[in-house]
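Here is the file upload_38.cif (mmCIF, C-alpha atoms and all ligand atoms).
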```
data_work
loop_
_atom_site.label_atom_id
_atom_site.label_comp_id
_atom_site.auth_asym_id
_atom_site.auth_seq_id
_atom_site.Cartn_x
_atom_site.Cartn_y
_atom_site.Cartn_z
CA MET A 13 -38.10 23.19 -47.80
CA LEU A 14 -35.23 22.03 -45.63
CA LYS A 15 -35.04 18.34 -44.88
CA LEU A 16 -33.57 17.77 -41.44
CA ALA A 17 -33.12 14.46 -39.73
CA PRO A 18 -34.98 14.06 -36.44
CA ARG A 19 -33.24 15.87 -33.63
CA ALA A 20 -32.30 12.76 -31.65
CA ALA A 21 -30.82 11.04 -34.69
CA ARG A 22 -28.66 14.01 -35.58
CA PHE A 23 -27.28 14.59 -32.15
CA SER A 24 -26.59 11.03 -31.15
CA ILE A 25 -23.38 11.32 -33.15
CA LEU A 26 -22.38 14.48 -31.33
CA ALA A 27 -21.77 12.51 -28.16
CA LYS A 28 -19.27 10.24 -29.86
CA PRO A 29 -15.75 11.08 -28.68
CA SER A 30 -13.09 11.58 -31.29
CA CYS A 31 -10.81 8.59 -31.70
CA PRO A 32 -8.07 8.79 -29.04
CA ALA A 33 -5.94 6.15 -30.74
CA GLN A 34 -5.27 8.47 -33.63
CA PRO A 35 -2.56 11.05 -32.94
CA SER A 36 -3.70 14.59 -33.59
CA HIS A 37 -2.53 16.19 -36.78
CA PRO A 38 -0.68 19.03 -35.05
CA ALA A 39 1.29 16.49 -33.02
CA ARG A 40 2.35 14.74 -36.21
CA ALA A 41 3.20 17.97 -37.93
CA ARG A 42 5.30 19.28 -35.04
CA GLN A 43 8.05 16.85 -35.96
CA ARG A 44 8.34 18.12 -39.49
CA PRO A 45 10.07 21.52 -39.28
CA LEU A 46 12.99 20.06 -37.32
CA VAL A 47 13.51 17.38 -39.94
CA GLN A 48 13.16 19.90 -42.72
CA GLY A 49 15.53 22.28 -40.96
CA ALA A 50 18.15 19.57 -40.53
CA LEU A 51 17.81 18.54 -44.15
CA ALA A 52 18.08 22.10 -45.32
CA LEU A 53 21.22 22.62 -43.28
CA LEU A 54 22.72 19.44 -44.67
CA LEU A 55 22.01 20.61 -48.17
CA GLY A 56 23.39 24.04 -47.39
CA LEU A 57 20.13 25.77 -48.14
CA ALA A 58 19.59 29.24 -46.75
CA GLY A 59 16.42 30.48 -45.13
CA SER A 60 15.69 27.64 -42.73
CA LEU A 61 17.48 29.08 -39.73
CA ALA A 62 14.67 31.30 -38.53
CA GLY A 63 12.24 28.39 -38.41
CA LEU A 64 14.74 26.11 -36.73
CA GLU A 65 15.55 28.64 -34.03
CA ALA A 66 11.91 29.43 -33.33
CA VAL A 67 11.05 25.77 -32.88
CA ALA A 68 14.18 25.04 -30.86
CA ALA A 69 13.26 27.86 -28.48
CA ASP A 70 9.92 26.21 -27.73
CA GLU A 71 9.71 22.55 -28.61
CA THR A 72 6.57 22.02 -26.58
CA ARG A 73 4.32 23.96 -28.96
CA ASP A 74 0.98 22.30 -29.27
CA TYR A 75 -1.26 24.44 -31.42
CA HIS A 76 -4.92 24.89 -30.86
CA TYR A 77 -6.81 26.60 -33.64
CA SER A 78 -9.61 28.85 -34.59
CA ASP A 79 -10.55 27.73 -38.08
CA ALA A 80 -11.32 31.19 -39.44
CA HIS A 81 -12.62 30.06 -42.82
CA LEU A 82 -14.91 27.05 -42.91
CA HIS A 83 -17.91 26.42 -45.17
CA PHE A 84 -20.67 24.25 -43.70
CA VAL A 85 -21.89 23.22 -47.15
CA ASP A 86 -20.52 22.89 -50.67
CA PHE A 87 -21.59 24.57 -53.92
CA PHE A 88 -24.63 22.29 -54.02
CA GLN A 89 -25.55 23.25 -50.43
CA GLN A 90 -24.74 19.75 -49.18
CA GLY A 91 -22.30 18.70 -46.47
CA ASP A 92 -21.21 16.08 -43.93
CA GLY A 93 -23.21 17.75 -41.16
CA LEU A 94 -22.51 19.11 -37.72
CA GLY A 95 -21.57 15.81 -36.08
CA ALA A 96 -18.83 15.14 -38.62
CA LEU A 97 -17.63 18.72 -38.30
CA LEU A 98 -17.33 18.43 -34.52
CA ASP A 99 -15.42 15.17 -34.82
CA ALA A 100 -13.00 16.80 -37.26
CA MET A 101 -12.57 19.82 -35.01
CA ASP A 102 -11.91 17.67 -31.94
CA GLU A 103 -9.33 15.60 -33.73
CA ALA A 104 -7.56 18.65 -35.16
CA GLN A 105 -7.61 20.68 -31.92
CA VAL A 106 -9.86 23.29 -33.45
CA ASP A 107 -11.41 25.03 -30.47
CA HIS A 108 -13.51 27.45 -32.49
CA ALA A 109 -14.58 28.04 -36.09
CA LEU A 110 -15.90 30.78 -38.30
CA VAL A 111 -18.62 28.78 -40.00
CA THR A 112 -20.52 30.00 -43.03
CA GLY A 113 -22.51 28.58 -45.91
CA ILE A 114 -21.78 29.12 -49.58
CA GLY A 115 -23.46 32.17 -51.04
CA VAL A 116 -24.07 30.63 -54.44
CA ALA A 117 -25.50 27.35 -55.70
CA LYS A 118 -24.31 25.53 -58.80
CA LYS A 119 -27.05 24.71 -61.28
CA TRP A 120 -27.45 21.20 -62.65
CA GLN A 121 -28.61 21.98 -66.14
CA GLN A 122 -30.75 19.68 -68.23
CA ASP A 123 -28.07 19.67 -70.95
CA ALA A 124 -25.35 18.51 -68.55
CA PRO A 125 -23.88 15.11 -69.55
CA LYS A 126 -23.74 14.28 -65.85
CA LYS A 127 -24.37 15.96 -62.52
CA PRO A 128 -21.52 18.43 -61.85
CA ARG A 129 -19.36 17.80 -58.77
CA TYR A 130 -17.89 21.29 -58.37
CA TYR A 131 -18.70 24.78 -59.57
CA MET A 132 -16.03 24.46 -62.24
CA GLY A 133 -17.23 20.97 -63.19
CA ASP A 134 -19.01 22.24 -66.30
CA ASP A 135 -20.17 25.49 -67.88
CA ALA A 136 -23.48 25.77 -66.01
CA PRO A 137 -23.90 28.96 -64.00
CA VAL A 138 -24.11 29.53 -60.25
CA TYR A 139 -26.77 31.74 -58.71
CA TRP A 140 -27.10 33.58 -55.40
CA TYR A 141 -28.66 31.28 -52.81
CA SER A 142 -30.03 32.68 -49.56
CA GLY A 143 -31.10 29.25 -48.26
CA THR A 144 -27.51 28.61 -47.25
CA ASP A 145 -27.81 30.77 -44.13
CA TYR A 146 -30.97 28.96 -43.03
CA ILE A 147 -29.35 25.54 -43.50
CA LEU A 148 -26.54 26.64 -41.17
CA ALA A 149 -28.82 28.35 -38.66
CA GLU A 150 -31.21 25.39 -38.48
CA ALA A 151 -28.32 23.00 -37.83
CA LEU A 152 -26.59 25.16 -35.22
CA THR A 153 -29.55 26.54 -33.28
CA ARG A 154 -30.74 22.98 -32.59
CA ALA A 155 -27.36 22.01 -31.15
CA PRO A 156 -26.68 22.12 -27.41
CA GLU A 157 -25.33 25.41 -26.09
CA PRO A 158 -21.72 24.18 -25.59
CA VAL A 159 -21.68 23.13 -29.24
CA GLN A 160 -23.06 26.46 -30.44
CA ALA A 161 -20.41 28.25 -28.42
CA ARG A 162 -17.68 26.70 -30.58
CA PHE A 163 -18.91 28.50 -33.67
CA SER A 164 -19.11 32.02 -35.00
CA PRO A 165 -21.71 31.82 -37.78
CA PHE A 166 -21.32 34.33 -40.62
CA ILE A 167 -24.04 35.46 -43.05
CA THR A 168 -23.29 34.85 -46.72
CA GLY A 169 -26.57 34.15 -48.54
CA PHE A 170 -27.23 37.44 -50.30
CA ASN A 171 -26.60 38.93 -53.71
CA PRO A 172 -23.80 41.49 -53.20
CA THR A 173 -25.00 43.47 -56.22
CA ASP A 174 -28.54 43.92 -54.88
CA LEU A 175 -29.16 47.21 -53.08
CA ASN A 176 -31.62 45.25 -50.92
CA ALA A 177 -28.83 43.10 -49.49
CA ALA A 178 -28.34 45.09 -46.27
CA ASP A 179 -32.08 44.96 -45.53
CA GLU A 180 -32.13 41.21 -46.14
CA ILE A 181 -29.26 40.77 -43.69
CA ARG A 182 -31.07 42.89 -41.15
CA GLN A 183 -34.14 40.68 -41.53
CA LEU A 184 -32.10 37.51 -41.10
CA MET A 185 -30.52 38.93 -37.95
CA ALA A 186 -34.01 39.61 -36.58
CA ILE A 187 -35.12 36.03 -37.30
CA TYR A 188 -32.12 34.61 -35.39
CA PRO A 189 -31.43 37.30 -32.76
CA GLY A 190 -27.92 37.32 -31.34
CA PHE A 191 -26.91 34.35 -33.46
CA TRP A 192 -24.82 35.84 -36.26
CA LYS A 193 -21.28 36.95 -35.48
CA GLY A 194 -20.18 38.29 -38.85
CA ILE A 195 -20.82 38.63 -42.57
CA GLY A 196 -19.07 36.68 -45.34
CA GLU A 197 -17.45 35.07 -47.12
CA VAL A 198 -18.72 37.61 -49.63
CA PHE A 199 -17.77 36.52 -53.14
CA THR A 200 -16.70 39.43 -55.31
CA ARG A 201 -13.82 39.12 -57.83
CA HIS A 202 -13.15 35.38 -57.91
CA ASP A 203 -11.86 34.43 -61.40
CA ASP A 204 -13.95 31.56 -62.81
CA LEU A 205 -16.56 31.75 -60.07
CA THR A 206 -17.30 35.35 -61.07
CA ARG A 207 -17.51 34.31 -64.71
CA LEU A 208 -20.05 31.61 -63.87
CA THR A 209 -22.19 33.78 -61.59
CA GLU A 210 -25.49 34.86 -63.12
CA GLY A 211 -26.24 38.57 -63.32
CA GLU A 212 -24.30 41.70 -62.45
CA THR A 213 -20.60 41.29 -61.61
CA PRO A 214 -19.96 41.77 -57.89
CA ARG A 215 -17.13 43.99 -56.76
CA ALA A 216 -15.92 44.90 -53.28
CA ASN A 217 -16.92 48.58 -53.57
CA HIS A 218 -20.35 47.97 -55.12
CA PRO A 219 -22.95 50.37 -53.65
CA ALA A 220 -24.93 47.38 -52.35
CA LEU A 221 -21.91 46.19 -50.38
CA MET A 222 -21.21 49.68 -49.08
CA LYS A 223 -24.60 49.48 -47.37
CA VAL A 224 -23.69 46.04 -46.00
CA TYR A 225 -20.41 47.39 -44.58
CA ALA A 226 -22.28 50.23 -42.88
CA LEU A 227 -24.68 47.73 -41.32
CA ALA A 228 -21.72 45.61 -40.20
CA ALA A 229 -20.16 48.63 -38.49
CA GLU A 230 -23.46 49.45 -36.81
CA LYS A 231 -23.80 45.90 -35.47
CA GLY A 232 -20.10 45.39 -34.71
CA LEU A 233 -19.79 42.46 -37.12
CA PRO A 234 -16.58 41.73 -39.03
CA VAL A 235 -16.92 41.19 -42.79
CA MET A 236 -14.88 38.63 -44.72
CA VAL A 237 -14.56 39.56 -48.39
CA HIS A 238 -13.18 37.44 -51.18
CA SER A 239 -11.81 39.94 -53.67
CA ASN A 240 -9.05 38.72 -55.94
CA ILE A 241 -6.32 41.34 -56.17
CA THR A 242 -6.14 40.90 -59.94
CA SER A 243 -7.47 38.88 -62.86
CA LYS A 244 -5.93 35.61 -63.93
CA ARG A 245 -4.40 37.38 -66.94
CA GLU A 246 -2.90 40.56 -65.43
CA GLY A 247 -0.44 39.22 -62.88
CA HIS A 248 1.89 42.21 -62.98
CA GLU A 249 -0.52 44.56 -61.19
CA GLY A 250 -3.44 44.63 -58.78
CA LEU A 251 -6.16 45.13 -61.35
CA TYR A 252 -8.95 44.86 -58.75
CA LEU A 253 -7.02 46.18 -55.75
CA GLU A 254 -8.61 49.63 -55.84
CA GLU A 255 -12.10 48.12 -55.60
CA PHE A 256 -11.23 46.39 -52.35
CA GLU A 257 -9.00 49.16 -51.03
CA SER A 258 -11.67 51.83 -51.49
CA ALA A 259 -14.15 49.65 -49.58
CA VAL A 260 -11.72 49.38 -46.67
CA ARG A 261 -10.76 53.05 -46.88
CA ASP A 262 -14.33 54.37 -47.03
CA ASN A 263 -15.59 52.19 -44.16
CA PRO A 264 -13.07 52.80 -41.37
CA GLU A 265 -15.52 51.62 -38.70
CA THR A 266 -15.97 48.24 -40.39
CA THR A 267 -13.60 45.39 -39.56
CA PHE A 268 -12.55 43.66 -42.78
CA ILE A 269 -11.04 40.21 -43.24
CA TRP A 270 -9.46 39.88 -46.69
CA ALA A 271 -10.00 36.27 -47.70
CA HIS A 272 -6.83 34.54 -48.92
CA ALA A 273 -4.93 37.85 -48.94
CA GLY A 274 -6.44 38.60 -52.35
CA THR A 275 -5.20 35.38 -53.98
CA SER A 276 -6.93 32.27 -55.29
CA ALA A 277 -5.86 28.81 -56.44
CA GLU A 278 -6.70 29.78 -60.01
CA LEU A 279 -4.50 32.91 -59.80
CA ASN A 280 -1.70 30.70 -58.46
CA ARG A 281 -2.15 28.28 -61.35
CA ARG A 282 -2.17 31.00 -63.99
CA LEU A 283 0.24 33.57 -62.55
CA GLY A 284 2.50 31.66 -60.19
CA ARG A 285 3.70 33.81 -57.29
CA MET A 286 3.01 37.54 -57.50
CA THR A 287 6.21 38.86 -55.96
CA TRP A 288 4.64 42.28 -55.33
CA LEU A 289 1.79 40.88 -53.22
CA HIS A 290 3.82 41.02 -49.99
CA GLY A 291 4.48 44.73 -50.46
CA GLU A 292 0.83 45.53 -51.10
CA ILE A 293 -0.34 43.56 -48.07
CA GLU A 294 2.21 45.36 -45.92
CA ARG A 295 1.15 48.76 -47.25
CA MET A 296 -2.53 47.97 -46.72
CA LEU A 297 -1.94 46.82 -43.13
CA GLU A 298 0.09 49.96 -42.43
CA THR A 299 -2.59 52.20 -43.90
CA TYR A 300 -5.83 50.63 -42.66
CA PRO A 301 -6.10 49.52 -39.05
CA ASN A 302 -9.54 48.02 -39.84
CA LEU A 303 -8.02 45.47 -42.25
CA ASN A 304 -7.10 41.89 -41.36
CA ILE A 305 -5.76 39.05 -43.46
CA ASP A 306 -6.99 35.47 -43.86
CA LEU A 307 -4.11 33.16 -44.83
CA SER A 308 -6.27 30.22 -45.89
CA TRP A 309 -6.31 28.19 -49.13
CA SER A 310 -4.04 29.72 -51.75
CA VAL A 311 -1.67 31.67 -49.46
CA LEU A 312 0.40 28.93 -47.80
CA GLU A 313 1.93 27.93 -51.12
CA PRO A 314 3.49 29.70 -52.92
CA TYR A 315 3.55 32.67 -50.50
CA LEU A 316 4.21 31.59 -46.90
CA LEU A 317 6.32 28.56 -47.82
CA ASP A 318 8.95 28.26 -50.54
CA ASP A 319 9.42 25.37 -52.96
CA GLU A 320 11.21 23.36 -50.27
CA GLY A 321 8.40 23.88 -47.78
CA GLN A 322 10.45 26.35 -45.76
CA PRO A 323 8.88 29.54 -44.37
CA ARG A 324 9.68 32.64 -46.39
CA SER A 325 11.41 35.08 -44.05
CA ARG A 326 9.65 38.14 -45.54
CA TRP A 327 6.25 36.73 -44.71
CA VAL A 328 7.39 35.65 -41.26
CA ALA A 329 8.62 39.20 -40.65
CA LEU A 330 5.33 40.65 -41.94
CA VAL A 331 3.23 38.56 -39.56
CA GLU A 332 5.60 39.39 -36.70
CA ARG A 333 5.15 43.08 -37.50
CA PHE A 334 1.35 42.77 -37.38
CA PRO A 335 0.84 39.75 -35.11
CA GLN A 336 -2.82 40.53 -34.36
CA ARG A 337 -3.93 40.95 -37.98
CA PHE A 338 -3.67 37.43 -39.46
CA VAL A 339 -5.73 34.25 -39.15
CA LEU A 340 -5.70 30.71 -40.59
CA GLY A 341 -8.50 28.61 -41.98
CA SER A 342 -9.14 25.30 -43.69
CA ASP A 343 -11.59 26.68 -46.30
CA VAL A 344 -13.19 23.25 -46.55
CA VAL A 345 -16.58 23.18 -48.26
CA GLY A 346 -19.01 20.78 -46.62
CA ARG A 347 -16.53 17.88 -46.26
CA PHE A 348 -14.56 18.01 -43.07
CA GLY A 349 -12.15 15.06 -43.18
CA SER A 350 -9.21 17.21 -44.30
CA VAL A 351 -9.50 20.00 -41.71
CA GLY A 352 -6.70 18.56 -39.54
CA ASP A 353 -4.27 17.99 -42.39
CA ILE A 354 -4.86 21.44 -43.86
CA LEU A 355 -4.31 23.25 -40.57
CA ALA A 356 -1.28 21.08 -39.77
CA SER A 357 0.28 22.13 -43.07
CA TYR A 358 0.75 25.60 -41.55
CA THR A 359 2.99 24.21 -38.81
CA PRO A 360 6.33 25.08 -40.49
CA PHE A 361 5.17 28.66 -40.82
CA LEU A 362 3.76 28.88 -37.29
CA ASP A 363 6.93 27.34 -35.89
CA ALA A 364 8.96 30.09 -37.54
CA LEU A 365 6.98 32.73 -35.63
CA SER A 366 7.50 33.74 -32.03
CA PRO A 367 5.36 31.60 -29.71
CA GLN A 368 2.99 34.50 -28.98
CA ALA A 369 2.53 35.47 -32.63
CA ALA A 370 1.96 31.83 -33.57
CA ARG A 371 -0.72 31.47 -30.88
CA ASN A 372 -2.37 34.65 -32.09
CA VAL A 373 -2.49 33.52 -35.70
CA ALA A 374 -3.47 29.93 -34.97
CA ARG A 375 -6.28 30.73 -32.59
CA ASP A 376 -6.48 33.91 -30.58
CA ASN A 377 -6.79 36.66 -33.19
CA PHE A 378 -10.07 35.39 -34.51
CA LEU A 379 -11.47 34.98 -31.00
CA ARG A 380 -10.68 38.64 -30.31
CA TRP A 381 -12.35 39.78 -33.53
CA VAL A 382 -15.61 38.17 -32.48
CA ASP A 383 -15.28 39.37 -28.88
CA LEU A 384 -14.68 35.97 -27.32
CA PRO A 385 -12.42 35.49 -24.31
CA VAL A 386 -8.89 34.28 -25.02
CA LYS A 387 -7.96 31.64 -22.49
ZN ZN B 401 -13.99 30.14 -48.76
#
```

Transcribe the structure of this file into structure tokens.
Amino acid sequence: MLKLAPRAARFSILAKPSCPAQPSHPARARQRPLVQGALALLLGLAGSLAGLEAVAADETRDYHYSDAHLHFVDFFQQGDGLGALLDAMDEAQVDHALVTGIGVAKKWQQDAPKKPRYYMGDDAPVYWYSGTDYILAEALTRAPEPVQARFSPFITGFNPTDLNAADEIRQLMAIYPGFWKGIGEVFTRHDDLTRLTEGETPRANHPALMKVYALAAEKGLPVMVHSNITSKREGHEGLYLEEFESAVRDNPETTFIWAHAGTSAELNRRLGRMTWLHGEIERMLETYPNLNIDLSWSVLEPYLLDDEGQPRSRWVALVERFPQRFVLGSDVVGRFGSVGDILASYTPFLDALSPQAARNVARDNFLRWVDLPVK
């Protein structure tokens, strides 16, 4: 049973304006690339010129965002709530957000020395948790219409190895008609999270997910899939790439968003930077017009930015080549205080793009994918 605070109590905080005395994160971050560029020039470092020129050409950039990867709750299905989320969005100039739950819940086992704080906190498993979609829907459908309009809720609370999954999604869409705008984040290959997940191992081309992709195409819903490109041991090749690629290839009418471009923080820790990732992403974008890339979480470093925090020219060129195929996201899980800082950390990369491409990536691409007007 969901426990919700009385309606009036929950929405009294929604009326609170975000603190005007605090400068917005993007405004703070705008200063940074120029300083970094100047420093890099002083030190004789190569690679900073593109970013410097792009910023110099348009110093009035003031990014507004679509946060295209935001979890309303954490792995225990708890979170700060809608009021805190709206405050964070206002402060960070996030006009719109892809909001989703977390498709699994972490078990607190009776043998645990203490209550775990994260899914990797101890060895207890996680299990598929459909309540997450109802927590999100109950919070959002009670909000005023202008608040609802700032969110694109995605369905995530299903077991992607259950051949019933598509029917469950259909049922959920009937319970909240017109409410859901997409499906995901679907957890498939995800290093330690996969290891801890009870039951059959999910993979992007599982027959159960193939039915979900067909439903998504029928309803015109994009699907965000987390599918690591490889395992945390086999960094020289895309061990799991074919699973994801075949899903994209065999469902040309389905719009895919590849979460984190196939990377994860754990892959980064274990493998460092996979130098071949750029080439695979480029090939995939060339080959499959129904594929899009989410740059959240583990992509900024070490891929988009180098060790000095400067944009890598190959990735800048890739986004410029496909300027309508990339989005950003905070990937916060239930706690929203860091949304502004996380999105602002993309500023050096955005500043290295042309103004139009930067606007697309920061905000407009996601709006187009969910059929919202781009102002
Ligand atoms: Zn996520």

Query raised in the report: Within 9 Å of ligand ZN 401 (chain B), counting all atoms listed in the file: which residues, as a PyMOL selection string?
Result: chain A and resi 81-83+112+114+196-199+238+271-272+308-309+341-345

Could the residues in this selection be saved with C-alpha atoms as an mmCIF file, in the coordinates of the input?
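File selection02.cif, as written:
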```cif
data_model
loop_
_atom_site.group_PDB
_atom_site.id
_atom_site.type_symbol
_atom_site.label_atom_id
_atom_site.label_comp_id
_atom_site.auth_asym_id
_atom_site.auth_seq_id
_atom_site.Cartn_x
_atom_site.Cartn_y
_atom_site.Cartn_z
ATOM 1 C CA HIS A 81 -12.620 30.060 -42.820
ATOM 2 C CA LEU A 82 -14.910 27.050 -42.910
ATOM 3 C CA HIS A 83 -17.910 26.420 -45.170
ATOM 4 C CA THR A 112 -20.520 30.000 -43.030
ATOM 5 C CA ILE A 114 -21.780 29.120 -49.580
ATOM 6 C CA GLY A 196 -19.070 36.680 -45.340
ATOM 7 C CA GLU A 197 -17.450 35.070 -47.120
ATOM 8 C CA VAL A 198 -18.720 37.610 -49.630
ATOM 9 C CA PHE A 199 -17.770 36.520 -53.140
ATOM 10 C CA HIS A 238 -13.180 37.440 -51.180
ATOM 11 C CA ALA A 271 -10.000 36.270 -47.700
ATOM 12 C CA HIS A 272 -6.830 34.540 -48.920
ATOM 13 C CA SER A 308 -6.270 30.220 -45.890
ATOM 14 C CA TRP A 309 -6.310 28.190 -49.130
ATOM 15 C CA GLY A 341 -8.500 28.610 -41.980
ATOM 16 C CA SER A 342 -9.140 25.300 -43.690
ATOM 17 C CA ASP A 343 -11.590 26.680 -46.300
ATOM 18 C CA VAL A 344 -13.190 23.250 -46.550
ATOM 19 C CA VAL A 345 -16.580 23.180 -48.260
#
```

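The spacing separating atom CA of A:Gln105 from atom CA of A:Asp353 amounts to 11.3 Å.
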
**Report entry** Interatomic distance (Å, one decimal) between atom CA of A:Val224 and atom CA of A:Phe170
**Finding:**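 Separation between atom CA of A:Val224 and atom CA of A:Phe170: 10.2 Å.
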
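The shortest atom-to-atom distance to A:Asp123, with all atoms listed in the file taken into account, belongs to A:Ala136 out of A:Ala273, A:Ala109, A:Met296, A:Ala136.
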
Just want the 8 Å neighbourhood of A:Asn302, counted on all atoms listed in the file, with same-chain residues fewer than 4 positions away dropped. Output as a JSON list (two decimals) with C-alpha atoms, in the coordinates of the input.
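Saved the output as result.json:
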```json
[["chain", "number", "residue", "atom", "x", "y", "z"],
["A", 260, "VAL", "CA", -11.72, 49.38, -46.67],
["A", 264, "PRO", "CA", -13.07, 52.80, -41.37],
["A", 265, "GLU", "CA", -15.52, 51.62, -38.70],
["A", 266, "THR", "CA", -15.97, 48.24, -40.39],
["A", 267, "THR", "CA", -13.60, 45.39, -39.56],
["A", 268, "PHE", "CA", -12.55, 43.66, -42.78]]
```

Requested in this report: Would you mind reading off the distance between atom CA of A:Asn372 and atom CA of A:Ala80, one decimal, in Å?
Outcome: 12.1 Å

Requested in this report: Mind checking which residues fall within 12 Å of stretch 216-219 of chain A, counting all atoms listed in the file, ignoring those fewer than 4 positions away in the same chain, and posting them as a ChimeraX atom specification?
Outcome: /A:171-178,196-202,212,223-226,235-241,252-263,268,270-271,274

**Report entry** Residue nearest A:Thr275 - candidates A:Gln336, A:Ser310, A:Gln368, A:Thr168, atoms counted: all atoms listed in the file
**Finding:**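 Counting all atoms listed in the file, the residue closest to A:Thr275 is A:Ser310.
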
**Report entry** Within 12 Å of file point (-31.8, 28.5, -44.8), counting all atoms listed in the file, expressed as a PyMOL selection string
**Finding:** chain A and resi 13-16+84-85+89+112-115+141-153+167-170+184+187-188

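When all atoms listed in the file are used to compute distances to A:Pro323, the closest of the residues A:Glu298, A:Asp363, A:Asp79, A:Glu230 turns out to be A:Asp363.
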
Requested in this report: Would you list the contacts of A:Trp192 as a list in words, taking every protein, DNA or RNA residue within 8 Å and counting only C-alpha atoms, but skipping same-chain residues closer than 2 positions in sequence?
Outcome: Ser164, Pro165, Phe166, Ile167, Met185, Tyr188, Pro189, Gly190, Gly194 and Ile195 of chain A

Requested in this report: Identify, on the basis of only C-alpha atoms, every residue whose closest approach to A:Val116 does not exceed 7 Å; exclude the query and any residue fewer than 2 positions from it along the same chain; express the result as a list in words.
Outcome: Phe87, Ile114, Lys118, Val138, Tyr139, Trp140 and Tyr141 of chain A

Report task. Would you list the contacts of A:Leu279 as a PyMOL selection string, taking every protein, DNA or RNA residue within 9 Å and counting only C-alpha atoms, but skipping same-chain residues closer than 3 positions in sequence? Result -> chain A and resi 203+240+242-245+247+275-276+282-285+310

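Proximity of A:Ala329, A:Lys127, A:Leu94, A:Gly352 to A:Ala155, computed with all atoms listed in the file, is greatest for A:Leu94.
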
**Report entry** Selected residue of minimal separation from A:Glu294 among A:Ala277, A:Val111, A:Leu97, A:Val328, counting all atoms listed in the file
**Finding:**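 Distance minimum relative to A:Glu294 lands on A:Val328.
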
**Report entry** Among listed residues A:Arg154, A:His76, A:Arg375, A:Lys231, nearest A:Leu110 (using all atoms listed in the file)
**Finding:** A:Arg375
